[in-house]
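Novice: The structure file entry_34.txt (compact mmCIF, C-alpha atoms) is provided below.
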# COMPACT_ATOMS: atom_id res chain seq x y z
CA MET S 239 -9.67 16.17 9.45
CA ILE S 240 -10.72 12.54 9.69
CA SER S 241 -13.76 13.30 7.56
CA GLN S 242 -11.60 15.02 4.94
CA GLU S 243 -9.39 11.99 4.53
CA ILE S 244 -12.46 9.80 4.05
CA GLU S 245 -14.03 12.23 1.58
CA ARG S 246 -10.83 12.21 -0.39
CA VAL S 247 -10.99 8.50 -1.13
CA GLY S 248 -14.41 9.16 -2.62
CA ILE S 249 -16.61 8.33 0.38
CA PRO S 250 -18.95 11.20 1.29
CA THR S 251 -18.92 11.75 5.05
CA ALA S 252 -21.40 13.67 7.17
CA VAL S 253 -19.98 15.11 10.38
CA ILE S 254 -22.45 15.48 13.23
CA THR S 255 -21.05 17.95 15.74
CA THR S 256 -22.06 20.78 17.99
CA LEU S 257 -18.83 22.60 17.26
CA VAL S 258 -19.84 23.77 13.80
CA PRO S 259 -17.25 26.58 13.65
CA THR S 260 -14.48 24.08 14.47
CA ALA S 261 -15.72 21.69 11.81
CA LEU S 262 -15.74 24.54 9.29
CA MET S 263 -12.25 25.53 10.34
CA VAL S 264 -10.75 22.07 9.80
CA GLY S 265 -12.35 21.78 6.37
CA ALA S 266 -15.24 19.39 6.92
CA SER S 267 -17.53 19.46 3.90
CA ARG S 268 -20.85 18.04 5.10
CA ILE S 269 -21.66 19.36 8.55
CA VAL S 270 -24.77 18.53 10.57
CA PRO S 271 -25.22 20.48 13.82
CA GLY S 272 -25.49 18.27 16.91
CA LEU S 273 -27.47 18.83 20.10
CA SER S 274 -24.71 19.16 22.67
CA ILE S 275 -21.00 18.62 22.78
CA MET S 276 -20.86 15.19 24.35
CA ASN S 277 -24.35 14.16 23.28
CA PRO S 278 -24.47 15.21 19.64
CA LEU S 279 -27.52 12.99 19.17
CA GLY S 280 -29.22 13.15 22.51
CA ASP S 281 -30.82 15.43 25.05
CA PRO S 282 -31.37 13.81 28.47
CA GLY S 283 -33.76 16.64 29.35
CA LEU S 284 -36.33 15.47 26.83
CA SER S 285 -38.74 12.57 27.00
CA PRO S 286 -37.32 9.40 25.43
CA SER S 287 -39.74 9.57 22.51
CA LYS S 288 -39.09 13.25 21.82
CA GLU S 289 -35.35 12.64 22.08
CA ARG S 290 -35.55 9.73 19.66
CA GLU S 291 -37.56 11.90 17.25
CA LEU S 292 -34.87 14.57 17.32
CA ARG S 293 -32.12 12.00 16.80
CA ARG S 294 -33.96 10.64 13.81
CA ALA S 295 -34.21 14.12 12.30
CA ILE S 296 -30.49 14.74 12.75
CA VAL S 297 -29.40 11.38 11.30
CA LEU S 298 -31.81 11.91 8.42
CA ALA S 299 -30.04 15.21 7.68
CA ALA S 300 -26.73 13.33 7.71
CA VAL S 301 -28.10 10.73 5.31
CA GLU S 302 -29.37 13.48 3.03
CA ALA S 303 -25.97 15.22 3.27
CA VAL S 304 -24.13 12.34 1.62
CA ARG S 305 -26.59 12.49 -1.26
CA ASP S 306 -25.81 16.17 -1.80
CA ARG S 307 -23.33 17.29 -4.44
CA VAL S 308 -21.51 19.76 -2.21
CA LEU S 309 -19.21 22.18 -3.97
CA ASP S 310 -18.26 24.09 -0.88
CA GLN S 311 -18.49 23.51 2.84
CA LYS S 312 -22.12 23.13 3.75
CA VAL S 313 -24.09 23.03 6.98
CA PHE S 314 -27.17 20.82 6.80
CA ASP S 315 -29.78 22.13 9.19
CA TRP S 316 -32.41 19.71 10.33
CA GLN S 317 -34.68 22.06 12.29
CA MET U 157 34.57 5.74 -27.18
CA VAL U 158 31.69 8.17 -27.05
CA GLY U 159 29.51 7.73 -23.99
CA VAL U 160 25.85 7.16 -24.77
CA MET U 161 24.75 9.31 -21.86
CA SER U 162 25.98 12.52 -23.42
CA MET U 163 24.20 12.07 -26.73
CA THR U 164 20.96 13.49 -27.99
CA ALA U 165 18.21 11.00 -28.74
CA THR U 166 18.75 11.35 -32.48
CA ASP U 167 22.48 10.74 -32.12
CA ALA U 168 21.71 7.73 -30.00
CA ILE U 169 19.41 6.34 -32.67
CA GLN U 170 22.25 6.67 -35.17
CA GLN U 171 24.45 4.78 -32.78
CA LEU U 172 21.73 2.21 -32.25
CA ARG U 173 21.37 1.71 -35.99
CA THR U 174 24.95 0.50 -36.30
CA LEU U 175 23.49 -2.66 -34.82
CA GLU U 176 20.79 -2.84 -37.48
CA ASN U 177 22.11 -5.93 -39.22
CA GLU U 178 23.61 -7.62 -36.19
CA GLN U 179 22.48 -10.93 -34.85
CA LEU U 180 22.71 -10.78 -31.09
CA GLU U 181 22.84 -13.59 -28.63
CA LEU U 182 20.95 -13.12 -25.39
CA ASP U 183 23.97 -11.78 -23.48
CA ALA U 184 24.77 -9.32 -26.22
CA LEU U 185 21.14 -8.20 -26.40
CA LEU U 186 21.16 -7.50 -22.67
CA THR U 187 24.46 -5.66 -22.87
CA GLN U 188 23.18 -3.40 -25.62
CA ALA U 189 19.84 -2.86 -23.90
CA ILE U 190 21.52 -1.86 -20.66
CA ARG U 191 23.79 0.47 -22.61
CA PHE U 192 20.95 2.32 -24.33
CA ILE U 193 18.20 2.31 -21.67
CA PRO U 194 19.56 5.31 -19.73
CA LEU U 195 19.27 7.51 -22.79
CA PHE U 196 15.77 6.64 -23.89
CA VAL U 197 14.15 6.04 -20.55
CA THR U 198 14.00 8.78 -17.97
CA LYS U 199 14.37 7.94 -14.35
CA GLN U 200 11.92 5.25 -13.42
CA VAL U 201 9.67 6.14 -10.58
CA ARG U 202 7.55 3.07 -10.32
CA TYR U 203 9.27 0.62 -8.05
CA LYS U 204 7.72 -2.40 -9.73
CA VAL U 205 9.58 -1.68 -12.97
CA THR U 206 13.14 -2.78 -12.65
CA ASP U 207 15.77 -0.69 -14.33
CA ILE U 208 18.00 -3.43 -15.60
CA PRO U 209 16.57 -6.18 -17.79
CA THR U 210 17.79 -9.71 -17.13
CA LYS U 211 17.48 -12.98 -19.01
CA ARG U 212 14.30 -13.66 -17.12
CA THR U 213 12.94 -10.26 -18.16
CA ILE U 214 13.52 -11.08 -21.81
CA GLN U 215 11.87 -14.49 -21.44
CA TYR U 216 8.92 -12.82 -19.78
CA TYR U 217 8.64 -10.21 -22.54
CA VAL U 218 8.62 -12.91 -25.21
CA HIS U 219 6.03 -14.86 -23.25
CA LYS U 220 3.81 -11.77 -22.95
CA GLY U 221 4.16 -10.92 -26.63
CA LEU U 222 5.96 -7.69 -25.80
CA ILE U 223 8.87 -8.65 -28.02
CA SER U 224 8.83 -10.99 -30.99
CA LYS U 225 9.97 -14.58 -30.70
CA PRO U 226 13.72 -14.81 -31.28
CA GLY U 227 15.14 -16.57 -34.31
CA ARG U 228 17.88 -19.17 -34.42
CA ARG U 229 21.36 -19.17 -35.77
CA GLY U 230 22.59 -22.71 -35.85
CA ARG U 231 21.97 -24.07 -32.40
CA ARG U 232 21.90 -20.68 -30.77
CA ILE U 233 19.02 -18.31 -30.15
CA ALA U 234 19.52 -15.10 -32.09
CA PHE U 235 17.99 -11.70 -31.55
CA SER U 236 17.85 -8.94 -34.13
CA TYR U 237 17.87 -5.15 -34.14
CA ARG U 238 14.07 -5.22 -33.90
CA HIS U 239 14.29 -7.17 -30.66
CA LEU U 240 16.67 -4.63 -29.18
CA LEU U 241 14.33 -1.81 -30.22
CA GLN U 242 11.42 -3.67 -28.67
CA VAL U 243 13.19 -4.09 -25.33
CA LEU U 244 14.01 -0.38 -25.24
CA VAL U 245 10.46 0.58 -26.22
CA VAL U 246 8.98 -1.66 -23.54
CA LYS U 247 11.12 0.06 -20.90
CA ARG U 248 10.23 3.45 -22.32
CA LEU U 249 6.48 2.81 -22.37
CA GLN U 250 6.47 1.17 -18.95
CA ASN U 251 8.04 4.35 -17.73
CA ASP U 252 5.03 6.15 -19.18
CA TYR U 253 2.72 3.84 -17.20
CA LEU U 254 1.39 2.09 -20.25
CA PRO U 255 -0.15 -1.27 -19.40
CA LEU U 256 1.64 -4.30 -20.83
CA ARG U 257 -1.42 -5.29 -22.85
CA LYS U 258 -1.28 -1.97 -24.66
CA ILE U 259 2.48 -2.17 -25.15
CA ALA U 260 2.06 -5.59 -26.78
CA GLU U 261 -0.51 -4.07 -29.12
CA ILE U 262 1.86 -1.32 -30.15
CA MET U 263 4.67 -3.82 -30.71
CA ARG U 264 2.58 -5.89 -33.08
CA SER U 265 1.61 -2.97 -35.26
CA SER U 266 4.85 -0.97 -35.34
CA SER U 267 7.64 -0.93 -37.87
CA GLU U 268 11.23 -0.51 -36.79
CA ARG U 269 11.11 3.16 -37.79
CA GLU U 270 8.03 3.69 -35.68
CA LEU U 271 9.71 2.03 -32.71
CA GLU U 272 12.69 4.35 -33.17
CA ASP U 273 10.31 7.31 -33.21
CA ILE U 274 8.85 6.24 -29.90
CA LEU U 275 12.36 6.13 -28.44
CA ILE U 276 13.20 9.58 -29.77
CA GLY U 277 9.96 10.85 -28.32
CA GLU U 278 8.55 11.95 -31.67
CA ARG U 279 5.57 9.76 -31.16
CA ARG U 280 4.66 9.94 -27.55
CA VAL U 281 2.12 7.33 -26.70
CA LEU U 282 -0.62 8.44 -24.41
CA SER U 283 -1.02 6.35 -21.32
CA PRO U 284 -4.68 5.39 -21.46
CA LEU U 285 -6.57 6.48 -18.41
CA ARG U 286 -9.40 4.07 -19.00
CA PRO U 287 -8.11 0.58 -19.75
CA SER U 288 -11.56 -0.39 -21.01
CA ASP U 289 -11.29 2.02 -23.94
CA SER U 290 -10.59 0.33 -27.18
CA PRO U 291 -7.69 2.17 -28.75
CA SER U 292 -8.22 3.86 -32.07
CA PRO U 293 -5.21 3.76 -34.40
CA ASN U 294 -4.96 7.55 -34.32
CA SER U 295 -4.90 7.88 -30.55
CA LEU U 296 -1.84 5.67 -30.37
CA TRP U 297 0.30 8.14 -32.22
CA THR U 298 -0.74 11.45 -30.78
CA SER U 299 2.17 13.64 -29.91
CA TRP U 300 2.58 14.58 -26.30
CA ARG U 301 4.85 17.01 -24.52
CA ARG U 302 5.92 16.44 -20.98
CA VAL U 303 6.82 19.25 -18.62
CA ARG U 304 7.85 19.20 -15.02
CA ILE U 305 5.54 21.50 -13.10
CA ASP U 306 6.61 20.87 -9.53
CA ASP U 307 8.52 18.46 -7.34
CA HIS U 308 7.18 14.98 -8.06
CA ILE U 309 4.76 16.18 -10.75
CA GLU U 310 5.00 16.17 -14.52
CA LEU U 311 2.28 17.28 -16.86
CA SER U 312 1.82 15.56 -20.19
CA VAL U 313 0.06 17.76 -22.73
CA GLU U 314 -1.08 16.89 -26.21
CA GLU U 315 0.50 18.91 -28.98
CA GLY U 316 -1.94 21.53 -30.20
CA PHE U 317 -3.63 21.98 -26.82
CA ASP U 318 -5.09 25.47 -26.76
CA LEU U 319 -5.88 27.10 -23.46
CA LEU U 320 -8.17 29.60 -25.19
CA ASP U 321 -10.23 26.96 -26.94
CA PRO U 322 -13.84 27.62 -25.86
CA SER U 323 -14.38 23.93 -25.18
CA ILE U 324 -11.70 23.97 -22.49
CA ASP U 325 -13.14 24.33 -19.00
CA LEU U 326 -10.30 25.07 -16.65
CA ASP U 327 -12.40 24.41 -13.57
CA VAL U 328 -13.08 20.89 -14.81
CA ILE U 329 -9.40 20.35 -15.63
CA ASN U 330 -8.44 21.69 -12.24
CA ALA U 331 -10.87 19.37 -10.50
CA LYS U 332 -9.65 16.39 -12.50
CA ILE U 333 -6.01 17.08 -11.72
CA ILE U 334 -6.76 17.41 -8.03
CA ASN U 335 -8.82 14.24 -8.23
CA ALA U 336 -6.00 12.33 -9.85
CA LEU U 337 -3.39 13.65 -7.42
CA SER U 338 -5.64 12.95 -4.49
CA VAL U 339 -6.55 9.43 -5.51
CA LEU U 340 -3.10 8.46 -6.73
CA SER U 341 -1.35 9.67 -3.61
CA LEU U 342 -3.28 7.20 -1.49
CA PRO U 343 -1.40 4.16 -0.25
CA GLY U 344 -1.87 1.22 -2.57
CA ALA U 345 -3.32 3.30 -5.41
CA ASP U 346 -3.25 1.55 -8.76
CA TRP U 347 -1.87 3.91 -11.37
CA THR U 348 -2.78 1.71 -14.29
CA THR U 349 -6.49 1.56 -13.59
CA TYR U 350 -7.11 5.17 -12.62
CA ASP U 351 -10.41 6.18 -14.15
CA SER U 352 -10.49 9.84 -15.17
CA SER U 353 -14.16 9.61 -16.07
CA ALA U 354 -15.19 8.88 -12.49
CA PRO U 355 -16.96 11.84 -10.92
CA PRO U 356 -14.28 14.13 -9.54
CA LEU U 357 -13.94 15.32 -6.00
CA ALA U 358 -15.04 18.86 -5.36
CA TYR U 359 -12.04 20.85 -4.31
CA LYS U 360 -11.37 24.33 -3.05
CA GLN U 361 -8.48 26.06 -1.42
CA ASP U 362 -9.23 29.14 0.55
CA GLU U 363 -6.86 30.98 2.87
CA GLY U 364 -4.91 27.88 3.71
CA LEU U 365 -7.97 25.72 4.13
CA CYS U 366 -8.08 22.80 1.77
CA PHE U 367 -11.57 21.53 1.16
CA VAL U 368 -12.26 18.22 -0.58
CA ALA U 369 -15.67 16.63 -1.07
CA ALA U 370 -16.49 13.24 -2.53
CA PRO U 371 -19.19 12.95 -5.15
CA PRO U 372 -22.58 12.12 -3.61
CA VAL U 373 -23.91 8.58 -3.29
CA ALA U 374 -26.08 7.74 -6.26
CA SER U 375 -28.65 5.72 -4.39
CA LEU U 376 -29.31 5.66 -0.65
CA LYS U 377 -31.17 2.36 -1.01
CA ALA U 378 -28.00 0.73 -2.29
CA ALA U 379 -25.63 2.59 0.04
CA SER U 380 -23.67 1.06 2.89
CA PHE U 381 -23.08 3.48 5.76
CA ALA U 382 -20.17 3.32 8.18
CA LEU U 383 -20.53 4.81 11.65
CA ILE U 384 -17.48 6.54 13.08
CA THR U 385 -17.07 8.42 16.32
CA GLU U 386 -14.41 10.62 17.82
CA GLY U 387 -16.13 10.28 21.17
CA GLY U 388 -14.12 7.26 22.32
CA LEU U 389 -17.01 4.79 22.48
CA VAL U 390 -15.59 1.36 23.31
CA PRO U 391 -16.90 -1.92 24.76
CA LYS U 392 -17.33 -1.62 28.52
CA GLY U 393 -14.01 -1.86 30.32
CA ASN U 394 -12.09 -0.56 27.30
CA PRO U 395 -10.53 -3.98 26.56
CA ASP U 396 -8.09 -2.62 23.96
CA GLY U 397 -6.96 0.32 26.06
CA LEU U 398 -7.94 3.17 23.74
CA GLU U 399 -6.34 6.39 24.96
CA SER U 400 -8.93 8.67 26.58
CA SER U 401 -7.52 11.66 24.73
CA ARG U 402 -5.08 12.27 21.90
CA ALA U 403 -5.57 8.76 20.53
CA SER U 404 -3.08 8.02 17.78
CA ARG U 405 -5.11 5.13 16.40
CA TYR U 406 -8.62 3.95 15.79
CA LEU U 407 -10.31 0.76 16.89
CA LYS U 408 -13.15 -1.02 15.21
CA TYR U 409 -15.79 -3.13 16.85
CA SER U 410 -18.38 -5.38 15.31
CA ILE U 411 -21.92 -4.10 15.59
CA ALA U 412 -23.25 -6.62 13.10
CA GLU U 413 -25.49 -8.34 15.63
CA VAL U 414 -26.34 -5.20 17.58
CA ASP U 415 -29.70 -3.59 17.08
CA ASP U 416 -29.01 -0.46 19.04
CA MET U 417 -26.26 0.80 21.32
CA SER U 418 -28.10 -0.03 24.51
CA ALA U 419 -26.63 0.95 27.85
CA GLY U 420 -24.06 -1.32 29.42
CA ALA U 421 -22.36 -2.86 26.42
CA PHE U 422 -20.47 0.28 25.35
CA GLU U 423 -19.07 3.25 27.22
CA SER U 424 -17.24 6.40 26.31
CA ILE U 425 -13.76 6.89 27.72
CA ASP U 426 -13.42 10.36 26.22
CA LEU U 427 -11.72 12.55 28.84
CA GLY U 428 -12.86 15.72 27.24
CA TRP U 429 -16.46 15.71 28.27
CA ASP U 430 -19.00 14.47 30.73
CA THR U 431 -19.86 10.97 29.54
CA ILE U 432 -22.70 10.07 31.92
CA HIS U 433 -25.51 10.60 29.44
CA VAL U 434 -23.73 8.86 26.59
CA ASN U 435 -23.03 5.88 28.80
CA ALA U 436 -26.69 5.77 29.83
CA ASN U 437 -27.64 5.65 26.16
CA PRO U 438 -24.74 5.35 23.67
CA ASN U 439 -27.15 6.00 20.77
CA ARG U 440 -26.71 9.64 21.80
CA LEU U 441 -23.20 9.36 20.38
CA VAL U 442 -23.51 6.57 17.82
CA PRO U 443 -27.05 6.54 16.42
CA LEU U 444 -27.27 2.87 15.58
CA ASP U 445 -30.94 2.73 16.69
CA VAL U 446 -31.96 5.20 13.99
CA MET U 447 -29.71 3.58 11.35
CA ARG U 448 -31.41 0.23 11.95
CA GLU U 449 -34.75 1.98 11.63
CA PHE U 450 -33.67 3.44 8.27
CA GLU U 451 -32.55 -0.01 7.14
CA ARG U 452 -35.90 -1.53 8.03
CA GLU U 453 -37.74 1.28 6.25
CA GLY U 454 -35.61 0.71 3.14
CA LEU U 455 -34.28 4.28 3.19
CA ILE U 456 -30.67 3.09 3.23
CA GLY U 457 -29.02 -0.15 2.11
CA ARG U 458 -27.18 -1.26 5.20
CA THR U 459 -25.00 -0.19 8.10
CA HIS U 460 -21.39 -1.36 7.99
CA GLN U 461 -20.70 -4.21 10.37
CA TYR U 462 -17.98 -2.28 12.22
CA LEU U 463 -18.08 0.79 14.39
CA TYR U 464 -14.91 2.91 14.09
CA THR U 465 -13.88 4.73 17.21
CA THR U 466 -11.12 7.08 18.32
CA THR U 467 -10.73 10.05 20.64
CA GLY U 468 -10.39 13.46 19.11
CA VAL U 469 -9.71 15.60 22.17
CA ALA U 470 -6.50 17.62 21.75
CA THR U 471 -5.29 15.51 18.85
CA THR U 472 -2.70 17.07 16.60
CA VAL U 473 -3.46 17.72 12.94
CA ASP U 474 -0.93 15.14 11.79
CA THR U 475 -2.32 12.46 14.06
CA ALA U 476 -5.89 13.15 13.03
CA ARG U 477 -4.91 12.96 9.37
CA ARG U 478 -3.09 9.69 9.85
CA VAL U 479 -5.98 8.14 11.75
CA GLY U 480 -8.30 9.47 9.05
CA LYS U 481 -6.20 7.97 6.27
CA ASN U 482 -6.18 4.59 7.95
CA ILE U 483 -9.93 4.58 8.49
CA ALA U 484 -10.43 5.76 4.90
CA ALA U 485 -8.30 2.94 3.50
CA ASP U 486 -10.22 0.40 5.55
CA LEU U 487 -13.61 1.76 4.46
CA LYS U 488 -12.50 1.86 0.85
CA SER U 489 -11.37 -1.75 0.85
CA ALA U 490 -14.66 -2.75 2.48
CA GLY U 491 -16.55 -1.07 -0.36
CA ILE U 492 -18.37 1.39 1.91
CA SER U 493 -20.33 4.11 0.11
CA ALA U 494 -20.87 6.72 2.82
CA ALA U 495 -19.94 7.57 6.40
CA ILE U 496 -21.47 9.35 9.35
CA LEU U 497 -18.96 10.68 11.84
CA THR U 498 -19.93 12.02 15.22
CA ALA U 499 -17.44 14.46 16.67
CA THR U 500 -17.52 15.63 20.26
Can I see the file as structure tokens?
Specialist:
Amino acid sequence: MISQEIERVGIPTAVITTLVPTALMVGASRIVPGLSIMNPLGDPGLSPSKERELRRAIVLAAVEAVRDRVLDQKVFDWQ
Amino acid sequence: MVGVMSMTATDAIQQLRTLENEQLELDALLTQAIRFIPLFVTKQVRYKVTDIPTKRTIQYYVHKGLISKPGRRGRRIAFSYRHLLQVLVVKRLQNDYLPLRKIAEIMRSSSERELEDILIGERRVLSPLRPSDSPSPNSLWTSWRRVRIDDHIELSVEEGFDLLDPSIDLDVINAKIINALSVLSLPGADWTTYDSSAPPLAYKQDEGLCFVAAPPVASLKAASFALITEGGLVPKGNPDGLESSRASRYLKYSIAEVDDMSAGAFESIDLGWDTIHVNANPNRLVPLDVMREFEREGLIGRTHQYLYTTTGVATTVDTARRVGKNIAADLKSAGISAAILTAT
């Protein structure tokens, strides 16, 4: 809902979240799946370099998402 | 005496014309203006436009070229029928959200009969959506019909509009209406500078879900990105006392000098989830390290100097919307082009 209010003033907003169904339900338009609920951009089980690599891929998807002319809710997969 | 309120516009013009050869002093001009305004001007909705003109209003109108300079009769200032018409037309056109500059233009080029027509509504003047447009003489006198379509909404439609015209794309019209309503319902929206040619928001309503999407950023290299989190990331010790769940506000913290969210400076106070790993490395929640990398690589323009933070756990819809609106207004005024929000 926060993202929708920001989109509506003309600022495209990528939402990184593990709870993709919830994000879809509240009307988010640019959704990027996260890694885990509290650590959407991290995985303590991985090596620091591997974790950083994954984070980069996810944020890159978010950056690409705001460049996308979405006409309906869209999930931007980074895998 | 017949009350002006109960007349039709044409009757009122007849009544108005009995003043055609009168010379009016300022007080008399005001009296007559106040008498006729309710008939020619529908209820004013813009708070800036006062209903009742005063001496100062008239002085201001003369100064702005909205009404002609008054003449003199002996030692007294004298106004004519044309001045009265001009005052009424100014009120009428202000009510239609016409900018003063445009009203002045119309005043200069209009005869008394044409001014009367504007009052009757025969010649509706289109409120220009793009102030930068130079008006063509024809566009000033297009005829428009106004209909009330819902509470708080009127639709102004040009005479001759044909729904079945092949050049009419209803999806585009729909999108533009939603865009206008969406933008104009924001706090502090400027009705006079609304630009209908700006790329519209994508909009869809589906089983109660209202979806709105902003147009994409044109260039990532020139874009400024704001980072927002619902994960309650605050400076260590939570100096501003952000609620650990159901926050009804957002806080913003400068990250201008921060190169990444290293452990120790920030912590999450989100009650909803286990925060150990985020606190060990807050980049797992707010990916400033990667954003800085993208800046250095020239992929994106810059990262906004503030981090926006709130807690989303168990927040009500109304609260989330209000927090969202406030963040949106702040980002808009800071000229931010895109946002990345991490939700937990």
Novice: Within 9 Å of chain U, which residues belong to chain S? Use only C-alpha atoms and report them as a PyMOL selection string.
Specialist: chain S and resi 239-257+261+263-268+272+274-282+290+293-294+297-298+300-311
Novice: Report the distance between atom CA of His460 of chain U and atom CA of Arg448 of chain U in Å, rounded to one decimal place.
Specialist: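 Atom CA of His460 of chain U sits 10.9 Å away from atom CA of Arg448 of chain U.
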Novice: In Å, rounded to a single decimal, give me how far atom CA of Asp252 of chain U is from atom CA of Ser265 of chain U.
Specialist: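 Taking atom CA of Ser265 of chain U and atom CA of Asp252 of chain U, their separation equals 18.8 Å.
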Novice: Could you list, as a PyMOL selection string, every residue within 8 Å of Val313 of chain S, counting all atoms listed in the file and ignoring same-chain residues fewer than 3 positions away?
Specialist: chain S and resi 268-271
Novice: Between atom CA of Pro255 of chain U and atom CA of Gln179 of chain U, measure the distance and give it in Å to one decimal.
Specialist: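 Pair atom CA of Pro255 of chain U / atom CA of Gln179 of chain U returns 29.1 Å.
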Novice: Give as a ChimeraX atom specification each residue that has an atom at most 12 Å from (25.0, -18.7, -34.0) in the file, counting only C-alpha atoms.
Specialist: /U:178-182,227-235
Novice: Need to verify the contact set: segment 400-411 of chain U, 8 Å, only C-alpha atoms, exclusion of same-chain residues closer than 2 positions in sequence. Can you return it as a PyMOL selection string?
Specialist: chain U and resi 388+390+398+413-415+425-428+461-472+475-476+479+483
Novice: I need the residues from that last selection saved to file as an mmCIF file, keeping the file's coordinate frame (with C-alpha atoms), if you can.
Specialist:
data_model
loop_
_atom_site.group_PDB
_atom_site.id
_atom_site.type_symbol
_atom_site.label_atom_id
_atom_site.label_comp_id
_atom_site.auth_asym_id
_atom_site.auth_seq_id
_atom_site.Cartn_x
_atom_site.Cartn_y
_atom_site.Cartn_z
ATOM 1 C CA GLY U 388 -14.120 7.260 22.320
ATOM 2 C CA VAL U 390 -15.590 1.360 23.310
ATOM 3 C CA LEU U 398 -7.940 3.170 23.740
ATOM 4 C CA GLU U 413 -25.490 -8.340 15.630
ATOM 5 C CA VAL U 414 -26.340 -5.200 17.580
ATOM 6 C CA ASP U 415 -29.700 -3.590 17.080
ATOM 7 C CA ILE U 425 -13.760 6.890 27.720
ATOM 8 C CA ASP U 426 -13.420 10.360 26.220
ATOM 9 C CA LEU U 427 -11.720 12.550 28.840
ATOM 10 C CA GLY U 428 -12.860 15.720 27.240
ATOM 11 C CA GLN U 461 -20.700 -4.210 10.370
ATOM 12 C CA TYR U 462 -17.980 -2.280 12.220
ATOM 13 C CA LEU U 463 -18.080 0.790 14.390
ATOM 14 C CA TYR U 464 -14.910 2.910 14.090
ATOM 15 C CA THR U 465 -13.880 4.730 17.210
ATOM 16 C CA THR U 466 -11.120 7.080 18.320
ATOM 17 C CA THR U 467 -10.730 10.050 20.640
ATOM 18 C CA GLY U 468 -10.390 13.460 19.110
ATOM 19 C CA VAL U 469 -9.710 15.600 22.170
ATOM 20 C CA ALA U 470 -6.500 17.620 21.750
ATOM 21 C CA THR U 471 -5.290 15.510 18.850
ATOM 22 C CA THR U 472 -2.700 17.070 16.600
ATOM 23 C CA THR U 475 -2.320 12.460 14.060
ATOM 24 C CA ALA U 476 -5.890 13.150 13.030
ATOM 25 C CA VAL U 479 -5.980 8.140 11.750
ATOM 26 C CA ILE U 483 -9.930 4.580 8.490
#
